[in-house]
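**Student:** What follows is structure.txt; its format and atoms are compact mmCIF, C-alpha atoms.
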```txt
# COMPACT_ATOMS: atom_id res chain seq x y z
CA MET A 99 0.00 0.00 0.00
CA SER A 100 1.66 3.20 -1.13
CA PHE A 101 0.65 6.53 0.36
CA ASP A 102 2.73 9.68 0.82
CA TYR A 103 2.09 10.15 4.52
CA GLN A 104 4.71 12.89 4.80
CA SER A 105 2.75 15.20 2.47
CA VAL A 106 -0.26 14.98 4.81
CA ILE A 107 1.93 15.75 7.83
CA ASP A 108 3.52 18.68 5.97
CA LYS A 109 0.07 20.08 5.12
CA TYR A 110 -1.17 20.19 8.73
CA TYR A 111 2.09 20.61 10.67
CA PRO A 112 4.11 23.53 9.24
CA ALA A 113 7.87 23.23 9.11
CA GLY A 114 9.61 25.19 11.85
CA SER A 115 6.64 25.09 14.24
CA ARG A 116 6.86 23.76 17.79
CA LEU A 117 3.78 21.63 17.13
CA ARG A 118 5.49 19.93 14.19
CA ASP A 119 8.57 19.24 16.31
CA ILE A 120 6.41 17.67 19.04
CA TYR A 121 4.36 15.73 16.51
CA MET A 122 7.34 14.38 14.57
CA ARG A 123 9.30 13.42 17.67
CA HIS A 124 6.34 11.59 19.20
CA CYS A 125 5.27 9.80 16.04
CA ARG A 126 8.83 8.86 15.10
CA SER A 127 9.28 7.32 18.58
CA VAL A 128 6.02 5.37 18.20
CA ALA A 129 7.00 4.23 14.69
CA ASP A 130 10.44 3.09 15.84
CA LYS A 131 8.93 1.19 18.79
CA ALA A 132 6.30 -0.46 16.57
CA LEU A 133 8.90 -1.41 13.96
CA GLY A 134 11.19 -2.82 16.65
CA ILE A 135 8.38 -4.94 18.07
CA ALA A 136 7.38 -6.16 14.61
CA ARG A 137 10.94 -7.21 13.85
CA ALA A 138 11.51 -8.85 17.24
CA ARG A 139 8.21 -10.75 17.06
CA SER A 140 8.51 -11.50 13.31
CA LEU A 141 5.08 -10.01 12.73
CA ASP A 142 3.67 -10.49 9.27
CA LEU A 143 3.08 -6.77 8.66
CA PRO A 144 4.73 -4.68 5.94
CA GLU A 145 7.19 -2.26 7.52
CA ASP A 146 6.10 0.62 5.24
CA GLU A 147 2.52 0.21 6.52
CA ILE A 148 3.66 0.13 10.15
CA GLU A 149 5.69 3.29 9.60
CA ALA A 150 2.92 5.18 7.78
CA ALA A 151 0.24 4.17 10.30
CA ALA A 152 2.43 5.15 13.25
CA MET A 153 3.45 8.46 11.68
CA LEU A 154 -0.22 9.31 11.02
CA HIS A 155 -1.89 7.96 14.17
CA ASP A 156 -2.02 11.38 15.88
CA ILE A 157 -2.66 13.51 12.78
CA GLY A 158 -5.84 14.90 14.40
CA ILE A 159 -4.16 16.58 17.38
CA CYS A 160 -3.87 19.85 15.42
CA LEU A 161 -7.68 20.06 15.46
CA THR A 162 -7.84 19.94 19.27
CA ASP A 163 -7.51 22.48 22.04
CA ALA A 164 -4.33 21.41 23.83
CA PRO A 165 -2.23 24.56 24.28
CA GLY A 166 0.43 22.73 26.31
CA ILE A 167 1.55 21.04 23.08
CA ASP A 168 0.68 24.00 20.81
CA CYS A 169 -2.61 22.58 19.53
CA ARG A 170 -4.96 25.51 18.89
CA GLY A 171 -8.03 23.76 17.51
CA THR A 172 -11.51 23.64 19.00
CA LEU A 173 -12.15 19.96 19.71
CA PRO A 174 -11.47 18.28 23.06
CA TYR A 175 -8.16 16.39 22.97
CA LEU A 176 -9.89 13.00 23.24
CA ALA A 177 -11.47 13.71 19.84
CA HIS A 178 -8.11 13.65 18.06
CA GLY A 179 -8.49 9.99 17.09
CA TYR A 180 -11.79 10.23 15.24
CA ALA A 181 -10.95 13.72 13.94
CA GLY A 182 -7.68 12.39 12.58
CA ALA A 183 -9.47 9.45 10.97
CA ASP A 184 -11.90 11.84 9.27
CA LEU A 185 -9.00 14.03 8.13
CA LEU A 186 -7.15 11.03 6.68
CA ARG A 187 -10.27 9.85 4.84
CA ALA A 188 -10.70 13.35 3.36
CA GLU A 189 -7.05 13.27 2.26
CA GLY A 190 -7.53 9.95 0.46
CA ALA A 191 -5.44 7.90 2.88
CA PRO A 192 -6.04 4.15 2.99
CA GLU A 193 -8.81 3.18 5.41
CA THR A 194 -6.23 1.07 7.26
CA TYR A 195 -4.46 4.24 8.43
CA ALA A 196 -7.70 6.04 9.27
CA ARG A 197 -8.71 3.14 11.49
CA VAL A 198 -5.39 3.21 13.33
CA ALA A 199 -5.95 6.90 14.09
CA GLU A 200 -9.54 6.26 15.16
CA ARG A 201 -8.77 3.30 17.41
CA HIS A 202 -5.46 4.05 19.13
CA THR A 203 -6.72 6.11 22.09
CA GLY A 204 -6.03 4.58 25.50
CA ALA A 205 -5.99 0.82 25.14
CA GLY A 206 -9.11 1.21 23.04
CA LEU A 207 -12.50 2.47 24.13
CA ALA A 208 -15.43 0.07 24.28
CA PRO A 209 -18.78 1.38 22.96
CA GLU A 210 -20.38 1.00 26.38
CA GLU A 211 -17.58 3.07 27.94
CA VAL A 212 -18.15 5.84 25.40
CA SER A 213 -21.92 5.95 25.94
CA ALA A 214 -21.84 5.41 29.73
CA SER A 215 -19.28 8.10 30.41
CA GLY A 216 -20.54 10.70 27.96
CA LEU A 217 -17.17 10.94 26.22
CA PRO A 218 -17.10 13.55 23.43
CA LEU A 219 -16.96 10.94 20.67
CA PRO A 220 -19.45 10.15 17.92
CA ALA A 221 -21.61 7.13 18.66
CA GLY A 222 -21.68 4.23 16.28
CA ARG A 223 -17.95 4.07 15.63
CA SER A 224 -15.48 1.48 16.81
CA TYR A 225 -12.75 2.82 19.08
CA MET A 226 -11.29 -0.61 19.83
CA PRO A 227 -8.13 -1.62 17.97
CA GLU A 228 -9.07 -4.69 15.96
CA SER A 229 -6.44 -5.47 13.34
CA ARG A 230 -2.90 -6.43 14.29
CA LEU A 231 -1.64 -3.10 12.89
CA GLU A 232 -4.19 -1.16 14.97
CA ARG A 233 -3.22 -3.07 18.11
CA LEU A 234 0.51 -2.67 17.45
CA VAL A 235 0.40 1.11 17.01
CA CYS A 236 -1.98 1.47 19.96
CA TYR A 237 0.44 -0.49 22.14
CA ALA A 238 3.58 1.33 20.95
CA ASP A 239 1.87 4.69 21.48
CA LYS A 240 1.39 4.03 25.18
CA PHE A 241 5.15 4.27 25.73
CA PHE A 242 5.49 7.90 24.61
CA SER A 243 3.94 11.18 25.67
CA LYS A 244 3.82 14.40 23.68
CA SER A 245 4.82 16.43 26.71
CA GLY A 246 7.58 16.38 29.30
CA ASP A 247 10.86 14.78 28.35
CA MET A 248 9.16 12.56 25.74
CA ARG A 249 11.39 9.62 26.66
CA GLU A 250 10.04 6.09 26.70
CA LYS A 251 7.84 5.55 29.75
CA PRO A 252 8.39 2.62 32.10
CA LEU A 253 5.66 -0.01 32.24
CA GLU A 254 4.60 0.99 35.77
CA ARG A 255 3.87 4.56 34.63
CA ILE A 256 1.84 3.32 31.66
CA ARG A 257 -0.22 1.02 33.88
CA ALA A 258 -0.86 3.83 36.39
CA SER A 259 -2.00 6.14 33.61
CA ILE A 260 -4.34 3.55 32.12
CA ALA A 261 -5.67 2.50 35.55
CA LYS A 262 -7.45 5.88 35.77
CA PHE A 263 -9.84 4.52 33.13
CA GLY A 264 -10.77 1.43 35.09
CA PRO A 265 -9.90 -2.25 35.31
CA GLU A 266 -11.25 -3.02 31.82
CA ALA A 267 -8.73 -0.59 30.28
CA VAL A 268 -5.89 -2.16 32.27
CA ALA A 269 -6.98 -5.63 31.15
CA ARG A 270 -7.00 -4.47 27.51
CA PHE A 271 -3.50 -3.03 27.90
CA GLU A 272 -2.24 -6.26 29.46
CA LYS A 273 -3.71 -8.21 26.56
CA LEU A 274 -1.79 -5.94 24.15
CA ARG A 275 1.34 -6.43 26.24
CA ASP A 276 0.90 -10.21 26.09
CA GLU A 277 0.67 -9.97 22.32
CA PHE A 278 3.60 -7.64 21.73
CA ALA A 279 6.01 -7.68 24.69
```
Using structure tokens, write down the structure that the file contains.
**Tutor:**
Amino acid sequence: MSFDYQSVIDKYYPAGSRLRDIYMRHCRSVADKALGIARARSLDLPEDEIEAAAMLHDIGICLTDAPGIDCRGTLPYLAHGYAGADLLRAEGAPETYARVAERHTGAGLAPEEVSASGLPLPAGRSYMPESRLERLVCYADKFFSKSGDMREKPLERIRASIAKFGPEAVARFEKLRDEFA
């Protein structure tokens, strides 16, 4: 699957901006982690698809209101997944990449969690990583923040962060860890 992911990044993240620096550093870290896991586990996934999906997974952050990382949009930060998926679809990206963007938040969000908690996400969409590529990028993403020192987080810090969303979220993360660690 050939798609010029860099042209989409260039369109929404201007060269020389702090937001682009944050975006590129984070996504490159996620891509490198995902590629390393794929190689170590001999996953049957094309490396160019892993790289493109990881580099595009957070494309929607520019549409959100997160001034700490220079995002000056109007949507709540949690919306960056579905907003990024919509943006990628509008840009003609493969649906595979749009789904990675849409489903990478947390360790996935179950439909009942979205409706029960009133999260600012459109109903009727899947926010659970389903394909191996979706799960891989979702897992790799948990190791890197877009703020602070941006270094790889230790497992204990990831678990503590995910625990805020309940035992189901922790169980989903552990299932990803079992698959990819």
**Student:** Please report, as CSV, each residue of segment 172-245 of chain A lying at most 10 Å from segment 104-113 of chain A, together with the nearest pair of atoms and the separation in Å rounded to one decimal; use only C-alpha atoms, and order rows by chain and ascending residue number.
**Tutor:**
```
residue,atom,partner,partner_atom,distance
A:Leu185,CA,A:Val106,CA,9.4
A:Leu186,CA,A:Val106,CA,8.2
A:Glu189,CA,A:Val106,CA,7.5
A:Gly190,CA,A:Val106,CA,9.9
A:Ala191,CA,A:Val106,CA,9.0
```
**Student:** Nearest to Asp168 of chain A among A:Lys244, A:Arg223, A:Arg201, A:His155, with distances taken over only C-alpha atoms: which residue is it?
**Tutor:**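 With only C-alpha atoms as the atom set, the closest residue is A:Lys244.
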**Student:** How many Å lie between atom CA of Phe101 of chain A and atom CA of Ala150 of chain A, rounded to one decimal?
**Tutor:**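 About the pair atom CA of Phe101 of chain A and atom CA of Ala150 of chain A: they are 7.9 Å apart.
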**Student:** Do you know which residues are at most 8 Å from Ala129 of chain A counting only C-alpha atoms, after dropping those on the same chain fewer than 4 positions away, and could you put them as a list in words?
**Tutor:**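 Once the adjacent positions are removed, what remains is Cys125, Leu133, Ile148, Glu149, Ala152, Met153, Val235 and Ala238 of chain A.
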**Student:** Using all atoms listed in the file, which of A:Tyr180, A:Asp119, A:Ala138, A:Ala258 sits nearest Gly222 of chain A?
**Tutor:**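 Between A:Tyr180, A:Asp119, A:Ala138, A:Ala258, the residue approaching Gly222 of chain A most closely is A:Tyr180.
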**Student:** Kindly indicate which residue among A:Ala183, A:Val268, A:Arg230, A:Leu117 lies nearest to Leu141 of chain A, using all atoms listed in the file for the distances.
**Tutor:** A:Arg230
**Student:** Select, from A:Met248, A:Glu266, A:Arg233, A:Leu154, the residue with the minimum atom-to-atom distance to Arg187 of chain A, counting all atoms listed in the file.
**Tutor:** A:Leu154
**Student:** Just how far from atom CA of Cys160 of chain A is atom CA of Ala261 of chain A, in Å to one decimal?
**Tutor:**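 Pair atom CA of Ala261 of chain A / atom CA of Cys160 of chain A returns 26.6 Å.
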**Student:** Determine, counting all atoms listed in the file, which protein, DNA and RNA residues have an atom within 12 Å of an atom of Ala177 of chain A; residues of the same chain fewer than 2 positions away are not included. Present the result as JSON, numbers by chain.
**Tutor:** {"A": [156, 157, 158, 159, 160, 161, 162, 163, 164, 171, 172, 173, 174, 175, 179, 180, 181, 182, 183, 184, 185, 199, 200, 201, 202, 203, 212, 217, 218, 219, 220, 225]}
**Student:** When distances are computed from only C-alpha atoms, which of A:Tyr103, A:Glu232, A:Lys240, A:Arg197 shows the smallest separation from Pro252 of chain A?
**Tutor:** A:Lys240
**Student:** Pick the closest to Arg123 of chain A from A:Phe242, A:Lys273, A:Ala188, A:Pro144: which is it, counting only C-alpha atoms?
**Tutor:**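 Smallest distance to Arg123 of chain A is found for A:Phe242.
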**Student:** Can you measure atom CA of Ala221 of chain A to atom CA of Ala196 of chain A for me? One decimal in Å is fine.
**Tutor:**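 Between atom CA of Ala221 of chain A and atom CA of Ala196 of chain A the gap is 16.8 Å.
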**Student:** Please identify all polymer residues within 9 Å of Leu234 of chain A, counting all atoms listed in the file, omitting same-chain residues fewer than 4 positions from it, and present them as a list in words.
**Tutor:** Ala132, Ile135, Ala136, Ile148, Pro227, Ser229, Arg230, Ala238, Asp239, Leu274, Glu277 and Phe278 of chain A
